[in-house]
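Have a look at query-v7.txt below; it lists compact mmCIF, N, CA and C atoms and all ligand atoms.
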# COMPACT_ATOMS: atom_id res chain seq x y z
N GLU A 55 0.83 -1.22 0.00
CA GLU A 55 0.00 0.00 0.00
C GLU A 55 0.86 1.27 0.00
N ASN A 56 1.88 1.29 0.87
CA ASN A 56 2.71 2.49 1.01
C ASN A 56 4.17 2.21 0.68
N PRO A 57 4.48 1.96 -0.59
CA PRO A 57 5.90 1.81 -0.91
C PRO A 57 6.62 3.11 -0.56
N ALA A 58 7.81 3.00 -0.02
CA ALA A 58 8.53 4.21 0.40
C ALA A 58 8.78 5.14 -0.77
N VAL A 59 9.01 4.57 -1.94
CA VAL A 59 9.34 5.38 -3.11
C VAL A 59 8.62 4.79 -4.33
N ASP A 60 8.03 5.66 -5.12
CA ASP A 60 7.43 5.27 -6.39
C ASP A 60 8.27 5.93 -7.49
N PRO A 61 8.98 5.13 -8.28
CA PRO A 61 9.91 5.71 -9.27
C PRO A 61 9.23 6.56 -10.33
N ASP A 62 7.92 6.38 -10.51
CA ASP A 62 7.21 7.19 -11.51
C ASP A 62 6.61 8.46 -10.92
N CYS A 63 6.86 8.70 -9.64
CA CYS A 63 6.20 9.82 -8.97
C CYS A 63 7.09 11.05 -8.96
N ILE A 64 6.54 12.15 -9.47
CA ILE A 64 7.35 13.37 -9.59
C ILE A 64 7.76 13.91 -8.23
N PHE A 65 6.90 13.79 -7.21
CA PHE A 65 7.28 14.31 -5.89
C PHE A 65 8.29 13.40 -5.20
N CYS A 66 8.23 12.08 -5.44
CA CYS A 66 9.30 11.21 -4.96
C CYS A 66 10.64 11.62 -5.57
N GLN A 67 10.60 12.04 -6.82
CA GLN A 67 11.85 12.45 -7.47
C GLN A 67 12.36 13.78 -6.93
N ILE A 68 11.46 14.67 -6.54
CA ILE A 68 11.88 15.91 -5.88
C ILE A 68 12.48 15.58 -4.51
N VAL A 69 11.81 14.68 -3.75
CA VAL A 69 12.34 14.25 -2.44
C VAL A 69 13.75 13.68 -2.60
N ALA A 70 13.96 12.90 -3.66
CA ALA A 70 15.25 12.25 -3.90
C ALA A 70 16.29 13.22 -4.47
N GLY A 71 15.88 14.43 -4.82
CA GLY A 71 16.81 15.40 -5.38
C GLY A 71 17.09 15.22 -6.85
N ARG A 72 16.29 14.38 -7.50
CA ARG A 72 16.51 14.13 -8.94
C ARG A 72 15.82 15.16 -9.83
N ILE A 73 14.82 15.86 -9.25
CA ILE A 73 14.19 16.98 -9.95
C ILE A 73 14.35 18.18 -9.03
N PRO A 74 14.82 19.32 -9.55
CA PRO A 74 15.03 20.48 -8.68
C PRO A 74 13.73 21.10 -8.20
N ALA A 75 13.78 21.69 -7.04
CA ALA A 75 12.64 22.43 -6.50
C ALA A 75 13.20 23.48 -5.56
N GLU A 76 12.40 24.53 -5.35
CA GLU A 76 12.82 25.59 -4.43
C GLU A 76 12.32 25.24 -3.03
N ILE A 77 13.17 24.57 -2.29
CA ILE A 77 12.78 24.05 -0.97
C ILE A 77 12.83 25.18 0.05
N VAL A 78 11.74 25.30 0.84
CA VAL A 78 11.67 26.37 1.84
C VAL A 78 11.67 25.82 3.26
N HIS A 79 11.53 24.51 3.42
CA HIS A 79 11.43 23.92 4.76
C HIS A 79 11.72 22.43 4.62
N GLU A 80 12.46 21.87 5.59
CA GLU A 80 12.78 20.44 5.54
C GLU A 80 12.82 19.87 6.94
N SER A 81 12.42 18.62 7.09
CA SER A 81 12.67 17.89 8.32
C SER A 81 12.94 16.44 7.92
N ASP A 82 13.15 15.57 8.90
CA ASP A 82 13.44 14.18 8.52
C ASP A 82 12.26 13.52 7.83
N LYS A 83 11.04 13.97 8.10
CA LYS A 83 9.85 13.32 7.54
C LYS A 83 9.22 14.06 6.36
N LEU A 84 9.54 15.37 6.20
CA LEU A 84 8.82 16.23 5.26
C LEU A 84 9.77 17.10 4.45
N ILE A 85 9.32 17.49 3.25
CA ILE A 85 9.94 18.66 2.62
C ILE A 85 8.81 19.60 2.16
N ALA A 86 9.16 20.87 1.98
CA ALA A 86 8.20 21.85 1.49
C ALA A 86 8.90 22.69 0.43
N PHE A 87 8.22 22.86 -0.69
CA PHE A 87 8.83 23.60 -1.80
C PHE A 87 7.76 24.42 -2.50
N ARG A 88 8.21 25.45 -3.23
CA ARG A 88 7.27 26.35 -3.90
C ARG A 88 6.59 25.67 -5.08
N ASP A 89 5.29 25.91 -5.20
CA ASP A 89 4.55 25.44 -6.36
C ASP A 89 5.03 26.21 -7.60
N THR A 90 5.22 25.51 -8.70
CA THR A 90 5.70 26.17 -9.91
C THR A 90 4.62 27.01 -10.59
N SER A 91 3.35 26.80 -10.24
CA SER A 91 2.26 27.65 -10.75
C SER A 91 1.50 28.26 -9.57
N PRO A 92 2.10 29.25 -8.93
CA PRO A 92 1.50 29.76 -7.68
C PRO A 92 0.12 30.37 -7.89
N LYS A 93 -0.79 30.04 -6.97
CA LYS A 93 -2.16 30.55 -6.99
C LYS A 93 -2.40 31.57 -5.89
N ALA A 94 -1.33 31.95 -5.18
CA ALA A 94 -1.42 32.93 -4.09
C ALA A 94 -0.02 33.52 -3.92
N PRO A 95 0.09 34.67 -3.22
CA PRO A 95 1.42 35.27 -3.01
C PRO A 95 2.41 34.28 -2.39
N VAL A 96 1.95 33.46 -1.46
CA VAL A 96 2.75 32.34 -0.94
C VAL A 96 2.01 31.07 -1.31
N HIS A 97 2.65 30.19 -2.05
CA HIS A 97 2.04 28.91 -2.43
C HIS A 97 3.12 27.84 -2.35
N VAL A 98 3.08 27.12 -1.24
CA VAL A 98 4.09 26.11 -0.93
C VAL A 98 3.39 24.77 -0.79
N LEU A 99 4.06 23.71 -1.24
CA LEU A 99 3.54 22.34 -1.10
C LEU A 99 4.32 21.64 0.01
N VAL A 100 3.60 21.13 0.99
CA VAL A 100 4.23 20.35 2.07
C VAL A 100 4.02 18.88 1.75
N VAL A 101 5.11 18.14 1.68
CA VAL A 101 5.11 16.79 1.12
C VAL A 101 5.84 15.83 2.07
N PRO A 102 5.17 14.80 2.58
CA PRO A 102 5.90 13.76 3.31
C PRO A 102 6.95 13.11 2.40
N ARG A 103 8.11 12.81 2.95
CA ARG A 103 9.14 12.14 2.13
C ARG A 103 8.66 10.78 1.65
N GLN A 104 7.90 10.08 2.50
CA GLN A 104 7.34 8.79 2.10
C GLN A 104 6.15 9.00 1.18
N HIS A 105 5.98 8.06 0.27
CA HIS A 105 4.90 8.16 -0.71
C HIS A 105 3.58 7.65 -0.12
N TYR A 106 2.65 8.58 0.08
CA TYR A 106 1.25 8.25 0.37
C TYR A 106 0.45 8.85 -0.77
N ARG A 107 -0.58 8.14 -1.19
CA ARG A 107 -1.33 8.58 -2.36
C ARG A 107 -2.08 9.89 -2.11
N ASP A 108 -2.74 9.97 -0.96
CA ASP A 108 -3.57 11.15 -0.69
C ASP A 108 -3.81 11.27 0.81
N VAL A 109 -4.56 12.28 1.20
CA VAL A 109 -4.73 12.55 2.64
C VAL A 109 -5.54 11.45 3.33
N ARG A 110 -6.29 10.68 2.57
CA ARG A 110 -7.00 9.55 3.18
C ARG A 110 -6.01 8.53 3.71
N GLU A 111 -4.91 8.32 2.98
CA GLU A 111 -3.85 7.41 3.47
C GLU A 111 -3.05 8.06 4.60
N LEU A 112 -2.78 9.36 4.45
CA LEU A 112 -2.00 10.06 5.47
C LEU A 112 -2.73 10.08 6.81
N ALA A 113 -4.05 10.02 6.78
CA ALA A 113 -4.84 10.04 8.02
C ALA A 113 -4.54 8.84 8.91
N PHE A 114 -3.98 7.77 8.36
CA PHE A 114 -3.58 6.62 9.19
C PHE A 114 -2.26 6.87 9.92
N GLU A 115 -1.62 8.02 9.65
CA GLU A 115 -0.36 8.39 10.31
C GLU A 115 -0.56 9.74 10.99
N PRO A 116 -1.29 9.76 12.11
CA PRO A 116 -1.67 11.04 12.71
C PRO A 116 -0.48 11.91 13.12
N GLN A 117 0.62 11.28 13.54
CA GLN A 117 1.80 12.06 13.92
C GLN A 117 2.33 12.84 12.70
N LEU A 118 2.41 12.15 11.58
CA LEU A 118 2.90 12.78 10.35
C LEU A 118 1.92 13.85 9.86
N MET A 119 0.64 13.55 9.95
CA MET A 119 -0.38 14.52 9.57
C MET A 119 -0.22 15.80 10.40
N SER A 120 0.02 15.61 11.68
CA SER A 120 0.22 16.76 12.57
C SER A 120 1.46 17.55 12.16
N GLU A 121 2.52 16.85 11.77
CA GLU A 121 3.74 17.54 11.33
C GLU A 121 3.49 18.37 10.08
N VAL A 122 2.62 17.90 9.22
CA VAL A 122 2.28 18.68 8.02
C VAL A 122 1.64 20.01 8.43
N VAL A 123 0.73 19.94 9.39
CA VAL A 123 0.05 21.17 9.83
C VAL A 123 1.05 22.11 10.50
N ARG A 124 1.94 21.56 11.33
CA ARG A 124 2.93 22.41 12.01
C ARG A 124 3.89 23.05 11.01
N ALA A 125 4.24 22.32 9.95
CA ALA A 125 5.11 22.88 8.91
C ALA A 125 4.40 24.04 8.21
N ALA A 126 3.12 23.87 7.94
CA ALA A 126 2.34 24.95 7.30
C ALA A 126 2.37 26.20 8.17
N GLU A 127 2.20 25.99 9.47
CA GLU A 127 2.22 27.11 10.41
C GLU A 127 3.56 27.85 10.35
N GLU A 128 4.66 27.10 10.35
CA GLU A 128 5.99 27.72 10.30
C GLU A 128 6.20 28.48 9.00
N ILE A 129 5.76 27.89 7.89
CA ILE A 129 5.95 28.53 6.58
C ILE A 129 5.15 29.84 6.54
N ALA A 130 3.92 29.81 7.04
CA ALA A 130 3.08 31.01 7.01
C ALA A 130 3.64 32.11 7.90
N LEU A 131 4.30 31.74 8.99
CA LEU A 131 4.94 32.73 9.86
C LEU A 131 6.19 33.30 9.20
N GLN A 132 6.91 32.43 8.49
CA GLN A 132 8.14 32.81 7.81
C GLN A 132 7.86 33.74 6.64
N GLU A 133 6.78 33.47 5.91
CA GLU A 133 6.58 34.09 4.60
C GLU A 133 5.41 35.07 4.56
N ALA A 134 4.57 35.07 5.58
CA ALA A 134 3.40 35.96 5.60
C ALA A 134 3.10 36.31 7.05
N ASN A 135 1.87 36.65 7.35
CA ASN A 135 1.55 37.11 8.71
C ASN A 135 1.17 35.97 9.65
N GLY A 136 1.32 34.74 9.19
CA GLY A 136 1.03 33.59 10.04
C GLY A 136 -0.29 32.92 9.71
N ASP A 137 -1.18 33.63 9.01
CA ASP A 137 -2.45 33.02 8.61
C ASP A 137 -2.24 32.24 7.30
N PHE A 138 -2.99 31.19 7.15
CA PHE A 138 -2.82 30.38 5.94
C PHE A 138 -4.07 29.58 5.64
N ARG A 139 -4.14 29.10 4.41
CA ARG A 139 -5.17 28.15 3.97
C ARG A 139 -4.46 26.85 3.61
N LEU A 140 -5.01 25.74 4.08
CA LEU A 140 -4.42 24.42 3.82
C LEU A 140 -5.41 23.65 2.95
N VAL A 141 -4.94 23.18 1.79
CA VAL A 141 -5.82 22.49 0.84
C VAL A 141 -5.21 21.14 0.47
N PHE A 142 -6.00 20.09 0.57
CA PHE A 142 -5.63 18.75 0.07
C PHE A 142 -6.62 18.38 -1.01
N ASN A 143 -6.26 18.56 -2.26
CA ASN A 143 -7.11 18.02 -3.32
C ASN A 143 -7.00 16.50 -3.25
N THR A 144 -8.13 15.82 -3.24
CA THR A 144 -8.15 14.38 -2.94
C THR A 144 -8.98 13.66 -3.97
N GLY A 145 -8.29 13.00 -4.92
CA GLY A 145 -8.96 12.32 -6.03
C GLY A 145 -9.02 13.21 -7.25
N ALA A 146 -8.97 12.58 -8.42
CA ALA A 146 -8.91 13.31 -9.69
C ALA A 146 -10.09 14.26 -9.86
N SER A 147 -11.27 13.82 -9.45
CA SER A 147 -12.45 14.67 -9.70
C SER A 147 -12.50 15.85 -8.73
N ALA A 148 -11.63 15.85 -7.71
CA ALA A 148 -11.49 17.02 -6.83
C ALA A 148 -10.27 17.85 -7.23
N GLY A 149 -9.66 17.53 -8.36
CA GLY A 149 -8.55 18.35 -8.85
C GLY A 149 -7.17 17.84 -8.50
N GLN A 150 -7.05 16.66 -7.87
CA GLN A 150 -5.71 16.15 -7.58
C GLN A 150 -5.05 15.70 -8.88
N SER A 151 -3.84 16.19 -9.12
CA SER A 151 -3.13 15.82 -10.34
C SER A 151 -1.82 15.10 -10.04
N VAL A 152 -1.30 15.25 -8.83
CA VAL A 152 -0.09 14.52 -8.42
C VAL A 152 -0.51 13.61 -7.27
N PHE A 153 -0.31 12.30 -7.45
CA PHE A 153 -0.84 11.34 -6.49
C PHE A 153 0.22 10.91 -5.48
N HIS A 154 0.88 11.92 -4.93
CA HIS A 154 1.75 11.82 -3.75
C HIS A 154 1.24 12.94 -2.86
N VAL A 155 0.75 12.57 -1.70
CA VAL A 155 0.00 13.54 -0.91
C VAL A 155 0.80 14.84 -0.70
N HIS A 156 0.11 15.95 -0.83
CA HIS A 156 0.72 17.26 -0.63
C HIS A 156 -0.33 18.21 -0.10
N ALA A 157 0.08 19.01 0.87
CA ALA A 157 -0.77 20.08 1.38
C ALA A 157 -0.38 21.35 0.67
N HIS A 158 -1.34 21.99 0.03
CA HIS A 158 -1.10 23.33 -0.51
C HIS A 158 -1.20 24.30 0.66
N VAL A 159 -0.12 25.04 0.91
CA VAL A 159 -0.14 26.11 1.91
C VAL A 159 -0.24 27.42 1.14
N LEU A 160 -1.36 28.10 1.30
CA LEU A 160 -1.63 29.35 0.60
C LEU A 160 -1.66 30.45 1.64
N ALA A 161 -0.91 31.52 1.37
CA ALA A 161 -0.85 32.62 2.34
C ALA A 161 -0.52 33.91 1.62
N GLY A 162 -0.63 35.00 2.37
CA GLY A 162 -0.33 36.31 1.80
C GLY A 162 -1.59 37.13 1.65
N GLU A 163 -1.41 38.38 1.28
CA GLU A 163 -2.54 39.29 1.10
C GLU A 163 -3.48 38.74 0.02
N GLU A 164 -4.71 39.22 0.01
CA GLU A 164 -5.72 38.91 -1.02
C GLU A 164 -6.38 37.56 -0.82
N LEU A 165 -5.92 36.78 0.17
CA LEU A 165 -6.42 35.43 0.30
C LEU A 165 -7.89 35.41 0.69
N ALA A 166 -8.32 36.39 1.48
CA ALA A 166 -9.71 36.41 1.95
C ALA A 166 -10.69 36.52 0.78
N GLU A 167 -10.25 37.13 -0.31
CA GLU A 167 -11.11 37.28 -1.51
C GLU A 167 -11.64 35.95 -1.99
N GLY A 168 -10.80 34.93 -1.94
CA GLY A 168 -11.19 33.63 -2.48
C GLY A 168 -11.67 32.65 -1.44
N ALA A 169 -12.02 33.15 -0.27
CA ALA A 169 -12.44 32.24 0.81
C ALA A 169 -13.68 31.45 0.41
N LEU A 170 -13.74 30.21 0.86
CA LEU A 170 -14.89 29.36 0.53
C LEU A 170 -16.12 29.84 1.28
P1 LIG B 1 -2.81 19.01 -7.19
O1 LIG B 1 -3.49 19.51 -8.41
O2 LIG B 1 -2.40 17.55 -7.32
O3 LIG B 1 -3.52 19.29 -5.91
O4 LIG B 1 -1.48 19.86 -7.05
C1 LIG B 1 -0.31 19.60 -7.73
C2 LIG B 1 0.48 20.87 -7.71
O5 LIG B 1 1.82 20.55 -8.01
C3 LIG B 1 0.01 21.91 -8.74
O6 LIG B 1 -0.34 23.11 -8.07
C4 LIG B 1 1.22 22.07 -9.65
O7 LIG B 1 1.42 23.42 -10.02
C5 LIG B 1 2.37 21.57 -8.80
N1 LIG B 1 3.45 20.94 -9.53
C6 LIG B 1 3.32 20.01 -10.52
N2 LIG B 1 4.54 19.62 -10.94
C7 LIG B 1 5.44 20.30 -10.19
C8 LIG B 1 6.86 20.32 -10.15
O8 LIG B 1 7.55 19.61 -10.89
N3 LIG B 1 7.45 21.16 -9.26
C9 LIG B 1 6.72 21.94 -8.41
N4 LIG B 1 7.40 22.72 -7.56
N5 LIG B 1 5.37 21.96 -8.42
C10 LIG B 1 4.75 21.14 -9.30
ZN ZN B 2 5.75 9.80 -4.47
Kindly present the structure from the file in structure tokens form.
Ligand code: 5GP
Ligand code: ZN
Amino acid sequence: ENPAVDPDCIFCQIVAGRIPAEIVHESDKLIAFRDTSPKAPVHVLVVPRQHYRDVRELAFEPQLMSEVVRAAEEIALQEANGDFRLVFNTGASAGQSVFHVHAHVLAGEELAEGAL
């Protein structure tokens, strides 16, 4: 179910350093890097180093899930005023296009305009 690495996965390749990314935060379990098509002034993806397909799988690892949220908090404090939006697109029909779980951390001015 959870192979540590999927050789066809673009985010596994970023984790492995085989594809470059602008990394803004790292720990032993996670990396965070800028989205190449930013949808907000701050748009960072928080990605567990291990390959999980989506947040439904990540939910079985509550410690890691918690670390994702704490990383988002640190990034938003580092790069904006500390407020942030956390988005997990889950499944193709919800807009997920990369099937290695990632939290979109969106922050910066103008964010309230697009609030749900
Ligand atoms: P999803 O649509 O799966 O929720 O989000 C995937 C995100 O990954 C998109 O916002 C897309 O811009 C971003 N993305 C796709 N490929 C790359 C890449 O190679 N590098 C980086 N930094 N972001 C990527
Ligand atoms: Zn992966």
Residue set, stretch 68-99 of chain A restricted to strand (DSSP E or B), as a PyMOL selection string: chain A and resi 77-80+84-88+96-99
May I have the selected residues written with N, CA and C atoms, as a PDB file, in the coordinates of the input?
ATOM      1  N   ILE A  77      13.170  24.570  -2.290  1.00  0.00           N
ATOM      2  CA  ILE A  77      12.780  24.050  -0.970  1.00  0.00           C
ATOM      3  C   ILE A  77      12.830  25.180   0.050  1.00  0.00           C
ATOM      4  N   VAL A  78      11.740  25.300   0.840  1.00  0.00           N
ATOM      5  CA  VAL A  78      11.670  26.370   1.840  1.00  0.00           C
ATOM      6  C   VAL A  78      11.670  25.820   3.260  1.00  0.00           C
ATOM      7  N   HIS A  79      11.530  24.510   3.420  1.00  0.00           N
ATOM      8  CA  HIS A  79      11.430  23.920   4.760  1.00  0.00           C
ATOM      9  C   HIS A  79      11.720  22.430   4.620  1.00  0.00           C
ATOM     10  N   GLU A  80      12.460  21.870   5.590  1.00  0.00           N
ATOM     11  CA  GLU A  80      12.780  20.440   5.540  1.00  0.00           C
ATOM     12  C   GLU A  80      12.820  19.870   6.940  1.00  0.00           C
ATOM     13  N   LEU A  84       9.540  15.370   6.200  1.00  0.00           N
ATOM     14  CA  LEU A  84       8.820  16.230   5.260  1.00  0.00           C
ATOM     15  C   LEU A  84       9.770  17.100   4.450  1.00  0.00           C
ATOM     16  N   ILE A  85       9.320  17.490   3.250  1.00  0.00           N
ATOM     17  CA  ILE A  85       9.940  18.660   2.620  1.00  0.00           C
ATOM     18  C   ILE A  85       8.810  19.600   2.160  1.00  0.00           C
ATOM     19  N   ALA A  86       9.160  20.870   1.980  1.00  0.00           N
ATOM     20  CA  ALA A  86       8.200  21.850   1.490  1.00  0.00           C
ATOM     21  C   ALA A  86       8.900  22.690   0.430  1.00  0.00           C
ATOM     22  N   PHE A  87       8.220  22.860  -0.690  1.00  0.00           N
ATOM     23  CA  PHE A  87       8.830  23.600  -1.800  1.00  0.00           C
ATOM     24  C   PHE A  87       7.760  24.420  -2.500  1.00  0.00           C
ATOM     25  N   ARG A  88       8.210  25.450  -3.230  1.00  0.00           N
ATOM     26  CA  ARG A  88       7.270  26.350  -3.900  1.00  0.00           C
ATOM     27  C   ARG A  88       6.590  25.670  -5.080  1.00  0.00           C
ATOM     28  N   VAL A  96       1.950  33.460  -1.460  1.00  0.00           N
ATOM     29  CA  VAL A  96       2.750  32.340  -0.940  1.00  0.00           C
ATOM     30  C   VAL A  96       2.010  31.070  -1.310  1.00  0.00           C
ATOM     31  N   HIS A  97       2.650  30.190  -2.050  1.00  0.00           N
ATOM     32  CA  HIS A  97       2.040  28.910  -2.430  1.00  0.00           C
ATOM     33  C   HIS A  97       3.120  27.840  -2.350  1.00  0.00           C
ATOM     34  N   VAL A  98       3.080  27.120  -1.240  1.00  0.00           N
ATOM     35  CA  VAL A  98       4.090  26.110  -0.930  1.00  0.00           C
ATOM     36  C   VAL A  98       3.390  24.770  -0.790  1.00  0.00           C
ATOM     37  N   LEU A  99       4.060  23.710  -1.240  1.00  0.00           N
ATOM     38  CA  LEU A  99       3.540  22.340  -1.100  1.00  0.00           C
ATOM     39  C   LEU A  99       4.320  21.640   0.010  1.00  0.00           C
TER      40      LEU A  99
END
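Compared by their closest atoms to A:Pro61, and using only C-alpha atoms, the residues A:Ala113, A:Glu163, A:His154, A:Val123 rank with A:His154 nearest.
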Exercise answer, 7 Å around ligand LIG 1 (chain B) with all atoms listed in the file, as a PDB file with N, CA and C atoms, in the coordinates of the input:
ATOM      1  N   ILE A  64       6.540  12.150  -9.470  1.00  0.00           N
ATOM      2  CA  ILE A  64       7.350  13.370  -9.590  1.00  0.00           C
ATOM      3  C   ILE A  64       7.760  13.910  -8.230  1.00  0.00           C
ATOM      4  N   PHE A  65       6.900  13.790  -7.210  1.00  0.00           N
ATOM      5  CA  PHE A  65       7.280  14.310  -5.890  1.00  0.00           C
ATOM      6  C   PHE A  65       8.290  13.400  -5.200  1.00  0.00           C
ATOM      7  N   PRO A  74      14.820  19.320  -9.550  1.00  0.00           N
ATOM      8  CA  PRO A  74      15.030  20.480  -8.680  1.00  0.00           C
ATOM      9  C   PRO A  74      13.730  21.100  -8.200  1.00  0.00           C
ATOM     10  N   ALA A  75      13.780  21.690  -7.040  1.00  0.00           N
ATOM     11  CA  ALA A  75      12.640  22.430  -6.500  1.00  0.00           C
ATOM     12  C   ALA A  75      13.200  23.480  -5.560  1.00  0.00           C
ATOM     13  N   GLU A  76      12.400  24.530  -5.350  1.00  0.00           N
ATOM     14  CA  GLU A  76      12.820  25.590  -4.430  1.00  0.00           C
ATOM     15  C   GLU A  76      12.320  25.240  -3.030  1.00  0.00           C
ATOM     16  N   PHE A  87       8.220  22.860  -0.690  1.00  0.00           N
ATOM     17  CA  PHE A  87       8.830  23.600  -1.800  1.00  0.00           C
ATOM     18  C   PHE A  87       7.760  24.420  -2.500  1.00  0.00           C
ATOM     19  N   ARG A  88       8.210  25.450  -3.230  1.00  0.00           N
ATOM     20  CA  ARG A  88       7.270  26.350  -3.900  1.00  0.00           C
ATOM     21  C   ARG A  88       6.590  25.670  -5.080  1.00  0.00           C
ATOM     22  N   ASP A  89       5.290  25.910  -5.200  1.00  0.00           N
ATOM     23  CA  ASP A  89       4.550  25.440  -6.360  1.00  0.00           C
ATOM     24  C   ASP A  89       5.030  26.210  -7.600  1.00  0.00           C
ATOM     25  N   THR A  90       5.220  25.510  -8.700  1.00  0.00           N
ATOM     26  CA  THR A  90       5.700  26.170  -9.910  1.00  0.00           C
ATOM     27  C   THR A  90       4.620  27.010 -10.590  1.00  0.00           C
ATOM     28  N   SER A  91       3.350  26.800 -10.240  1.00  0.00           N
ATOM     29  CA  SER A  91       2.260  27.650 -10.750  1.00  0.00           C
ATOM     30  C   SER A  91       1.500  28.260  -9.570  1.00  0.00           C
ATOM     31  N   PRO A  92       2.100  29.250  -8.930  1.00  0.00           N
ATOM     32  CA  PRO A  92       1.500  29.760  -7.680  1.00  0.00           C
ATOM     33  C   PRO A  92       0.120  30.370  -7.890  1.00  0.00           C
ATOM     34  N   VAL A 141      -4.940  23.180   1.790  1.00  0.00           N
ATOM     35  CA  VAL A 141      -5.820  22.490   0.840  1.00  0.00           C
ATOM     36  C   VAL A 141      -5.210  21.140   0.470  1.00  0.00           C
ATOM     37  N   PHE A 142      -6.000  20.090   0.570  1.00  0.00           N
ATOM     38  CA  PHE A 142      -5.630  18.750   0.070  1.00  0.00           C
ATOM     39  C   PHE A 142      -6.620  18.380  -1.010  1.00  0.00           C
ATOM     40  N   ASN A 143      -6.260  18.560  -2.260  1.00  0.00           N
ATOM     41  CA  ASN A 143      -7.110  18.020  -3.320  1.00  0.00           C
ATOM     42  C   ASN A 143      -7.000  16.500  -3.250  1.00  0.00           C
ATOM     43  N   THR A 144      -8.130  15.820  -3.240  1.00  0.00           N
ATOM     44  CA  THR A 144      -8.150  14.380  -2.940  1.00  0.00           C
ATOM     45  C   THR A 144      -8.980  13.660  -3.970  1.00  0.00           C
ATOM     46  N   GLY A 149      -9.660  17.530  -8.360  1.00  0.00           N
ATOM     47  CA  GLY A 149      -8.550  18.350  -8.850  1.00  0.00           C
ATOM     48  C   GLY A 149      -7.170  17.840  -8.500  1.00  0.00           C
ATOM     49  N   GLN A 150      -7.050  16.660  -7.870  1.00  0.00           N
ATOM     50  CA  GLN A 150      -5.710  16.150  -7.580  1.00  0.00           C
ATOM     51  C   GLN A 150      -5.050  15.700  -8.880  1.00  0.00           C
ATOM     52  N   SER A 151      -3.840  16.190  -9.120  1.00  0.00           N
ATOM     53  CA  SER A 151      -3.130  15.820 -10.340  1.00  0.00           C
ATOM     54  C   SER A 151      -1.820  15.100 -10.040  1.00  0.00           C
ATOM     55  N   VAL A 152      -1.300  15.250  -8.830  1.00  0.00           N
ATOM     56  CA  VAL A 152      -0.090  14.520  -8.420  1.00  0.00           C
ATOM     57  C   VAL A 152      -0.510  13.610  -7.270  1.00  0.00           C
ATOM     58  N   PHE A 153      -0.310  12.300  -7.450  1.00  0.00           N
ATOM     59  CA  PHE A 153      -0.840  11.340  -6.490  1.00  0.00           C
ATOM     60  C   PHE A 153       0.220  10.910  -5.480  1.00  0.00           C
ATOM     61  N   HIS A 154       0.880  11.920  -4.930  1.00  0.00           N
ATOM     62  CA  HIS A 154       1.750  11.820  -3.750  1.00  0.00           C
ATOM     63  C   HIS A 154       1.240  12.940  -2.860  1.00  0.00           C
ATOM     64  N   HIS A 156       0.110  15.950  -0.830  1.00  0.00           N
ATOM     65  CA  HIS A 156       0.720  17.260  -0.630  1.00  0.00           C
ATOM     66  C   HIS A 156      -0.330  18.210  -0.100  1.00  0.00           C
ATOM     67  N   HIS A 158      -1.340  21.990   0.030  1.00  0.00           N
ATOM     68  CA  HIS A 158      -1.100  23.330  -0.510  1.00  0.00           C
ATOM     69  C   HIS A 158      -1.200  24.300   0.660  1.00  0.00           C
TER      70      HIS A 158
END
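Between atom CA of A:Leu99 and atom N of A:His79 there is a distance of 9.4 Å.
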Radius query 12 Å about (-2.4, 6.6, 2.3), atoms used: only C-alpha atoms, as a ChimeraX atom specification: /A:55-58,102,104-116,118-119,144,153-156
Per-residue DSSP, chain A, filtered to helix (DSSP H, G or I), as JSON, numbers by chain: {"A": [64, 65, 66, 67, 68, 69, 109, 110, 111, 112, 116, 117, 118, 119, 120, 121, 122, 123, 124, 125, 126, 127, 128, 129, 130, 131, 132, 133, 146, 147, 148, 165, 166, 167, 168]}
Selected residue of minimal separation from ligand ZN 2 (chain B) among A:Leu165, A:Phe138, A:Val122, A:Ile68, counting only N, CA and C atoms and all ligand atoms: A:Ile68
Let me have the centre and edge lengths of the axis-aligned box enclosing all listed atoms of stretch 130-145 of chain A with 3 Å padding on every side, in Å to one decimal, as lines of an AutoDock Vina configuration file.
center_x = -0.4
center_y = 24.7
center_z = 1.4
size_x = 23.2
size_y = 30.8
size_z = 23.3
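Atom C of A:Ser120 is positioned 15.9 Å from atom CA of A:Val98.
Atom C of A:Ser81 to atom CA of A:Glu127 spans 15.3 Å [interatomic distance, one decimal].
For the residues A:Ala125, A:Cys63, A:Ala94, A:Val78, ranking by smallest atom-to-atom distance to ligand ZN 2 (chain B) using all atoms listed in the file places A:Cys63 first.
With all atoms listed in the file as the basis for measurement, A:Cys66 is the residue among A:Ile73, A:Val101, A:Cys66, A:Ala130 that approaches ligand ZN 2 (chain B) most closely.
Minimum atom-to-atom distances from A:Ala126, A:Ala134, A:Ile85, A:Val69 to A:Gly162 were compared using all atoms listed in the file, and the lowest value belongs to A:Ala134.
Proximity ranking of A:Glu167, A:Arg72, A:Gln117, A:Arg103 relative to ligand ZN 2 (chain B) places A:Arg103 first, based on all atoms listed in the file.
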Neighbour list for A:Val96 as a ChimeraX atom specification, cut-off 7 Å, only C-alpha atoms, skip fewer than 6 positions in-chain: /A:133,160-162
